[in-house]
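This is structure_7.txt. It holds compact mmCIF, C-alpha atoms and all ligand atoms.
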# COMPACT_ATOMS: atom_id res chain seq x y z
CA MET A 1 19.96 8.25 11.33
CA LEU A 2 20.93 4.89 9.85
CA GLU A 3 19.51 3.62 6.56
CA ALA A 4 20.11 0.13 5.19
CA ARG A 5 19.77 1.05 1.52
CA ASP A 6 22.04 3.18 -0.59
CA ARG A 7 19.33 5.83 -0.85
CA ILE A 8 16.68 7.42 1.32
CA GLY A 9 12.94 7.08 0.75
CA GLY A 10 12.29 3.35 1.25
CA ARG A 11 9.12 2.48 -0.64
CA LEU A 12 9.06 6.03 -2.03
CA HIS A 13 11.36 5.80 -5.02
CA THR A 14 11.23 8.28 -7.88
CA VAL A 15 13.66 7.84 -10.76
CA GLU A 16 14.46 9.98 -13.76
CA LEU A 17 14.31 8.26 -17.15
CA ASN A 18 17.69 8.07 -18.91
CA SER A 19 15.91 8.20 -22.23
CA SER A 20 14.03 11.35 -21.32
CA PRO A 21 15.87 13.60 -18.86
CA GLY A 22 13.47 15.55 -16.71
CA THR A 23 10.77 12.87 -16.95
CA VAL A 24 10.28 11.06 -13.66
CA VAL A 25 8.58 7.79 -12.79
CA ASP A 26 7.53 6.54 -9.38
CA LEU A 27 8.66 2.96 -8.85
CA GLY A 28 7.09 2.96 -5.38
CA ALA A 29 4.18 4.99 -4.04
CA SER A 30 2.58 7.44 -6.48
CA TRP A 31 -0.77 8.50 -5.10
CA ILE A 32 -2.16 10.33 -2.15
CA HIS A 33 -5.25 8.17 -1.87
CA GLY A 34 -7.68 10.92 -0.91
CA ILE A 35 -6.45 14.38 0.01
CA GLY A 36 -9.07 14.51 2.74
CA PRO A 37 -11.00 14.96 4.86
CA GLY A 38 -10.54 11.81 6.91
CA VAL A 39 -13.67 9.71 7.27
CA ILE A 40 -15.81 10.61 10.26
CA GLY A 41 -17.35 7.76 12.20
CA ASP A 42 -14.45 5.42 11.58
CA GLU A 43 -13.19 4.65 15.07
CA THR A 44 -9.72 3.74 13.81
CA ASN A 45 -9.38 7.11 12.14
CA SER A 46 -7.67 9.67 14.31
CA TRP A 47 -7.64 11.96 11.24
CA ALA A 48 -11.44 12.19 11.05
CA GLY A 49 -12.49 15.46 9.44
CA GLN A 50 -8.89 16.52 8.77
CA MET A 51 -6.87 16.92 5.62
CA ASN A 52 -4.58 14.03 4.64
CA PRO A 53 -1.31 14.84 6.48
CA VAL A 54 0.81 13.97 3.43
CA TYR A 55 -1.18 16.43 1.35
CA ARG A 56 -0.96 19.06 4.05
CA PHE A 57 2.80 18.55 4.34
CA ALA A 58 3.13 18.96 0.57
CA MET A 59 1.09 22.16 0.59
CA GLU A 60 3.03 23.60 3.52
CA ASN A 61 6.34 22.89 1.81
CA GLY A 62 5.50 24.03 -1.69
CA ILE A 63 5.54 20.51 -3.17
CA LYS A 64 3.20 20.52 -6.14
CA THR A 65 0.61 17.80 -6.57
CA VAL A 66 -1.66 17.06 -9.51
CA ARG A 67 -5.22 15.74 -9.30
CA THR A 68 -5.52 12.50 -11.26
CA TRP A 69 -9.07 11.39 -10.55
CA GLY A 70 -11.96 12.18 -8.30
CA GLU A 71 -13.31 10.30 -5.37
CA ALA A 72 -16.20 8.81 -7.34
CA SER A 73 -13.85 6.69 -9.44
CA LYS A 74 -12.48 4.83 -6.41
CA ASP A 75 -14.94 1.97 -6.92
CA VAL A 76 -13.02 -0.15 -9.38
CA THR A 77 -14.49 -3.34 -10.80
CA LEU A 78 -12.11 -6.25 -10.73
CA GLU A 79 -12.03 -8.77 -13.57
CA CYS A 80 -9.52 -11.61 -13.56
CA PHE A 81 -8.22 -13.72 -16.41
CA ILE A 82 -5.94 -16.66 -15.98
CA LYS A 83 -2.74 -17.39 -17.91
CA ASP A 84 -3.63 -16.96 -21.58
CA GLY A 85 -6.04 -14.12 -20.92
CA SER A 86 -8.98 -16.02 -22.32
CA SER A 87 -10.22 -18.03 -19.37
CA LYS A 88 -11.96 -16.30 -16.52
CA MET A 89 -11.24 -17.03 -12.92
CA PRO A 90 -13.33 -19.96 -11.60
CA LEU A 91 -16.37 -19.10 -9.50
CA LYS A 92 -14.90 -21.15 -6.65
CA LEU A 93 -12.04 -18.65 -6.34
CA TRP A 94 -14.35 -15.62 -6.54
CA ASN A 95 -16.35 -17.12 -3.68
CA LEU A 96 -13.17 -17.75 -1.73
CA LEU A 97 -12.14 -14.15 -2.32
CA ASP A 98 -15.49 -12.92 -0.97
CA GLN A 99 -15.01 -15.03 2.13
CA ILE A 100 -11.52 -13.61 2.62
CA LYS A 101 -12.88 -10.07 2.21
CA ASP A 102 -15.49 -10.68 4.94
CA PHE A 103 -12.81 -12.19 7.15
CA VAL A 104 -10.46 -9.24 6.63
CA GLU A 105 -13.22 -6.71 7.28
CA ASP A 106 -13.83 -8.21 10.72
CA GLU A 107 -10.96 -6.73 12.71
CA SER A 108 -11.53 -9.11 15.59
CA ASN A 109 -10.00 -11.85 13.42
CA PHE A 110 -6.69 -10.00 13.63
CA LYS A 111 -6.65 -8.99 17.26
CA CYS A 112 -3.72 -11.28 17.95
CA ASN A 113 -0.91 -10.52 20.34
CA THR A 114 1.56 -12.53 18.36
CA GLU A 115 3.78 -11.28 15.60
CA GLU A 116 1.93 -13.47 13.13
CA ASN A 117 1.91 -12.11 9.61
CA PHE A 118 -1.17 -11.36 7.54
CA GLY A 119 -0.45 -13.99 4.88
CA ASP A 120 -0.13 -16.82 7.41
CA VAL A 121 -3.35 -15.84 9.23
CA VAL A 122 -5.37 -15.86 5.99
CA ARG A 123 -3.80 -19.06 4.64
CA LYS A 124 -4.30 -20.86 7.96
CA LYS A 125 -7.97 -19.91 7.94
CA PHE A 126 -8.81 -20.71 4.31
CA TRP A 127 -6.29 -22.82 2.46
CA GLY A 128 -6.82 -25.95 4.58
CA SER A 129 -10.60 -25.84 4.60
CA GLN A 130 -11.06 -25.52 0.81
CA SER A 131 -10.25 -28.07 -1.83
CA LEU A 132 -7.65 -25.98 -3.65
CA ASN A 133 -5.17 -27.41 -6.10
CA ALA A 134 -1.72 -25.89 -6.57
CA GLU A 135 -2.91 -23.47 -9.27
CA ASP A 136 -5.91 -22.34 -7.19
CA ARG A 137 -3.56 -21.62 -4.31
CA PHE A 138 -1.22 -19.70 -6.57
CA VAL A 139 -4.06 -17.57 -7.97
CA SER A 140 -5.69 -16.91 -4.61
CA ASP A 141 -2.31 -16.07 -3.08
CA PHE A 142 -1.71 -13.60 -5.90
CA LEU A 143 -5.16 -12.04 -5.40
CA MET A 144 -4.58 -11.79 -1.66
CA LYS A 145 -1.43 -9.78 -2.35
CA MET A 146 -3.07 -7.64 -4.98
CA ILE A 147 -6.28 -6.83 -3.15
CA PHE A 148 -5.29 -6.65 0.47
CA CYS A 149 -1.64 -5.59 0.35
CA GLU A 150 -1.58 -3.34 -2.69
CA ASN A 151 -1.83 -0.15 -0.66
CA GLU A 152 1.15 -1.10 1.45
CA GLY A 153 3.21 -2.35 -1.48
CA ALA A 154 4.47 -5.12 0.76
CA ASP A 155 4.31 -8.90 0.78
CA PRO A 156 1.48 -10.35 2.98
CA ASP A 157 4.17 -12.30 4.80
CA CYS A 158 5.89 -9.05 5.78
CA LEU A 159 2.77 -7.34 7.18
CA SER A 160 1.98 -7.77 10.84
CA ALA A 161 -1.55 -9.19 11.23
CA LYS A 162 -1.87 -7.20 14.44
CA TYR A 163 -2.37 -3.92 12.61
CA ILE A 164 -4.69 -5.01 9.82
CA GLY A 165 -7.68 -2.66 9.51
CA GLN A 166 -6.11 0.07 11.61
CA ASP A 167 -5.32 2.41 8.78
CA SER A 168 -7.17 5.69 8.31
CA LEU A 169 -9.45 6.46 5.39
CA PHE A 170 -9.46 9.75 3.52
CA ARG A 171 -12.12 11.03 1.17
CA GLY A 172 -11.40 13.47 -1.63
CA ASP A 173 -9.53 13.46 -4.91
CA GLU A 174 -6.47 11.33 -5.62
CA HIS A 175 -3.29 13.29 -6.31
CA ILE A 176 0.20 12.46 -7.54
CA PHE A 177 3.34 14.58 -7.15
CA GLU A 178 4.54 16.68 -10.04
CA GLY A 179 8.18 15.70 -9.44
CA GLY A 180 7.46 12.27 -7.93
CA TYR A 181 6.60 11.11 -4.40
CA SER A 182 10.28 11.16 -3.37
CA LYS A 183 9.92 14.94 -3.05
CA ILE A 184 8.29 14.19 0.30
CA ALA A 185 11.22 12.06 1.49
CA ASP A 186 13.74 14.64 0.23
CA CYS A 187 11.93 17.39 2.11
CA LEU A 188 11.69 15.35 5.32
CA ALA A 189 15.41 14.50 5.09
CA LYS A 190 16.54 18.13 4.90
CA GLY A 191 18.95 18.91 7.72
CA LEU A 192 19.17 15.31 8.94
CA SER A 193 22.40 13.41 9.12
CA ILE A 194 21.72 10.08 7.38
CA ASP A 195 24.28 7.29 7.03
CA LEU A 196 23.39 5.10 4.05
CA ASN A 197 24.27 1.39 3.70
CA GLN A 198 23.94 0.93 7.46
CA GLU A 199 21.72 -2.04 8.20
CA ILE A 200 20.77 -2.20 11.86
C1 LIG B 301 5.14 -0.32 -5.87
C2 LIG B 301 4.50 0.40 -4.68
C3 LIG B 301 3.42 1.25 -4.91
C4 LIG B 301 2.83 1.93 -3.83
N1 LIG B 301 1.82 2.82 -4.10
C5 LIG B 301 1.37 3.59 -3.10
C6 LIG B 301 0.51 4.70 -3.40
O1 LIG B 301 0.21 4.97 -4.56
N2 LIG B 301 0.07 5.46 -2.36
C7 LIG B 301 0.43 5.18 -1.06
O2 LIG B 301 -0.03 5.90 -0.15
N3 LIG B 301 1.25 4.16 -0.76
C8 LIG B 301 1.75 3.38 -1.74
N4 LIG B 301 2.67 2.41 -1.45
C9 LIG B 301 3.00 2.15 -0.05
C10 LIG B 301 3.96 3.20 0.52
O3 LIG B 301 5.07 3.33 -0.32
C11 LIG B 301 4.38 2.73 1.88
O4 LIG B 301 3.25 2.50 2.70
C12 LIG B 301 5.25 3.78 2.60
O5 LIG B 301 6.26 4.23 1.75
C13 LIG B 301 5.82 3.13 3.84
O6 LIG B 301 6.67 4.05 4.47
P1 LIG B 301 7.53 3.59 5.73
O7 LIG B 301 8.42 4.73 6.05
O8 LIG B 301 6.60 3.08 6.78
O9 LIG B 301 8.35 2.31 5.25
P2 LIG B 301 9.46 2.18 4.06
O10 LIG B 301 9.17 3.16 2.95
O11 LIG B 301 9.49 0.73 3.74
O12 LIG B 301 10.76 2.66 4.79
C14 LIG B 301 11.47 1.85 5.66
C15 LIG B 301 12.93 2.25 5.58
O13 LIG B 301 13.64 1.58 6.60
C16 LIG B 301 14.80 1.01 6.04
N5 LIG B 301 15.13 -0.19 6.82
C17 LIG B 301 14.37 -1.31 6.98
N6 LIG B 301 15.01 -2.19 7.77
C18 LIG B 301 16.19 -1.61 8.13
C19 LIG B 301 17.27 -2.05 8.94
N7 LIG B 301 17.28 -3.23 9.54
N8 LIG B 301 18.34 -1.19 9.10
C20 LIG B 301 18.33 0.04 8.51
N9 LIG B 301 17.32 0.48 7.74
C21 LIG B 301 16.26 -0.33 7.55
C22 LIG B 301 14.40 0.65 4.61
O14 LIG B 301 15.53 0.49 3.76
C23 LIG B 301 13.54 1.86 4.24
O15 LIG B 301 14.30 2.93 3.73
C24 LIG B 301 3.29 1.72 -2.51
C25 LIG B 301 4.38 0.86 -2.29
C26 LIG B 301 4.98 0.23 -3.36
C27 LIG B 301 6.17 -0.69 -3.11
Taking this structure as input, can you express it in the form of structure tokens?
Ligand SMILES: Cc1cc2nc3c(=O)[nH]c(=O)nc-3n(C[C@H](O)[C@H](O)[C@H](O)COP(=O)(O)OP(=O)(O)OC[C@H]3O[C@@H](n4cnc5c(N)ncnc54)[C@H](O)[C@@H]3O)c2cc1C
Amino acid sequence: MLEARDRIGGRLHTVELNSSPGTVVDLGASWIHGIGPGVIGDETNSWAGQMNPVYRFAMENGIKTVRTWGEASKDVTLECFIKDGSSKMPLKLWNLLDQIKDFVEDESNFKCNTEENFGDVVRKKFWGSQSLNAEDRFVSDFLMKMIFCENEGADPDCLSAKYIGQDSLFRGDEHIFEGGYSKIADCLAKGLSIDLNQEI
């Protein structure tokens, strides 16, 4: 197996603090967003009714997880402040955000055969049709990344638009890993021959 970086794990990246040996921090993914079951009635969800496979893998391999919060707290209210922290985001941008949310929720908007990326599809649809100045574009671009690409931890321009909305949803509590999420990558890598620093 060839890996471009000098380590395994990709966007799973747990590091130990120099200042506090034994204390680990996840620089990449931290949470299992719902240990399960998968949502029933969601046609994109082939895991309907089943436990989250990451959680199951952890359990099967003795990797300890810790519950951080329950399912009920998943509804987070978003409040945005611009620059100095005192001014609230203009209503115009909230409205734009709502329109983008509706657009993103309609999967048919992303049923493209091209390799277009998510960022370009959204910008093409909205940026031209609204009277947005440079700062408005900057803020709405930032919000697009934060709201729609946060789970992937990837830039909107690096996400294929083709697969938007095809992820599975899991109910249940949110867990983190006692020794960091990289425990999963370490466990998966056991017994594999991996050549680092080998970009394909
Ligand atoms: C800051 C951050 C927070 C996140 N938080 C969460 C979270 O709490 N919960 C959650 O579920 N998800 C979270 N995610 C997303 C999660 O980390 C990713 O969805 C997941 O790790 C993706 O796994 P992957 O194997 O598909 O891709 P990656 O982890 O990106 O792995 C791809 C691997 O392929 C290698 N590679 C790429 N191109 C080449 C090439 N040309 N040649 C050789 N090797 C190559 C890369 O170096 C990398 O090691 C977060 C991501 C980030 C960045």
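Nearest-residue note for ligand LIG 301 (chain B): choosing from A:Ser168, A:Ser108, A:Ser160, A:Gln198, the minimum distance belongs to A:Gln198, counting all atoms listed in the file.
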Got a sec to check which residues lie within 7 Å of ligand LIG 301 (chain B), using all atoms listed in the file, and send them as a ChimeraX atom specification? /A:2-5,8-12,27-33,150-154,198-200
Output C-alpha atoms for every residue in that selection, as an mmCIF file, in the frame of the given file.
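The resulting file, out.cif, is reproduced below:
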data_model
loop_
_atom_site.group_PDB
_atom_site.id
_atom_site.type_symbol
_atom_site.label_atom_id
_atom_site.label_comp_id
_atom_site.auth_asym_id
_atom_site.auth_seq_id
_atom_site.Cartn_x
_atom_site.Cartn_y
_atom_site.Cartn_z
ATOM 1 C CA LEU A 2 20.930 4.890 9.850
ATOM 2 C CA GLU A 3 19.510 3.620 6.560
ATOM 3 C CA ALA A 4 20.110 0.130 5.190
ATOM 4 C CA ARG A 5 19.770 1.050 1.520
ATOM 5 C CA ILE A 8 16.680 7.420 1.320
ATOM 6 C CA GLY A 9 12.940 7.080 0.750
ATOM 7 C CA GLY A 10 12.290 3.350 1.250
ATOM 8 C CA ARG A 11 9.120 2.480 -0.640
ATOM 9 C CA LEU A 12 9.060 6.030 -2.030
ATOM 10 C CA LEU A 27 8.660 2.960 -8.850
ATOM 11 C CA GLY A 28 7.090 2.960 -5.380
ATOM 12 C CA ALA A 29 4.180 4.990 -4.040
ATOM 13 C CA SER A 30 2.580 7.440 -6.480
ATOM 14 C CA TRP A 31 -0.770 8.500 -5.100
ATOM 15 C CA ILE A 32 -2.160 10.330 -2.150
ATOM 16 C CA HIS A 33 -5.250 8.170 -1.870
ATOM 17 C CA GLU A 150 -1.580 -3.340 -2.690
ATOM 18 C CA ASN A 151 -1.830 -0.150 -0.660
ATOM 19 C CA GLU A 152 1.150 -1.100 1.450
ATOM 20 C CA GLY A 153 3.210 -2.350 -1.480
ATOM 21 C CA ALA A 154 4.470 -5.120 0.760
ATOM 22 C CA GLN A 198 23.940 0.930 7.460
ATOM 23 C CA GLU A 199 21.720 -2.040 8.200
ATOM 24 C CA ILE A 200 20.770 -2.200 11.860
#
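Every protein or nucleic acid residue with an atom no more than 12 Å from A:Phe103, counting all atoms listed in the file and leaving out same-chain residues fewer than 4 positions away, appears here: Leu96, Leu97, Asp98, Gln99, Glu107, Ser108, Asn109, Phe110, Phe118, Val121, Val122, Arg123, Lys125, Phe126, Phe148, Ile164 and Gly165 of chain A.
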Residues near A:Asp120, cut-off 12 Å, all atoms listed in the file, skip fewer than 4 positions along chain, as a list in words: Phe110, Thr114, Glu115, Glu116, Lys124, Lys125, Phe126, Trp127, Gly128, Asp141, Met144, Asp155, Pro156, Asp157, Cys158, Leu159, Ser160 and Ala161 of chain A
Taking only C-alpha atoms into account, which of A:Thr14, A:Thr65, A:Ser182, A:Ser131 comes nearest A:Leu93?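 The closest residue to A:Leu93 is A:Ser131.
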Determine the nearest neighbour of A:Gly36 from the options A:Cys149, A:Phe177, A:Phe170, A:Leu196, counting all atoms listed in the file.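 For A:Gly36, the nearest of the candidates is A:Phe170.
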Find the distance between atom CA of A:Lys162 and atom CA of A:Phe142 and write it in Å to one decimal.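 Value for the atom CA of A:Lys162-atom CA of A:Phe142 distance: 21.3 Å.
Distance-wise, atom CA of A:Met1 and atom CA of A:Lys190 end up 12.3 Å apart.
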What lies within 12 Å of A:Asn61 using all atoms listed in the file, ignoring chain neighbours under 6 positions off, as a ChimeraX atom specification? /A:54-55,183-188,190
Output file for the selection above: C-alpha atoms, as a compact mmCIF listing (two decimals), in the coordinates of the input:
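Below is the file that was written, part.txt:
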# COMPACT_ATOMS: atom_id res chain seq x y z
CA VAL A 54 0.81 13.97 3.43
CA TYR A 55 -1.18 16.43 1.35
CA LYS A 183 9.92 14.94 -3.05
CA ILE A 184 8.29 14.19 0.30
CA ALA A 185 11.22 12.06 1.49
CA ASP A 186 13.74 14.64 0.23
CA CYS A 187 11.93 17.39 2.11
CA LEU A 188 11.69 15.35 5.32
CA LYS A 190 16.54 18.13 4.90
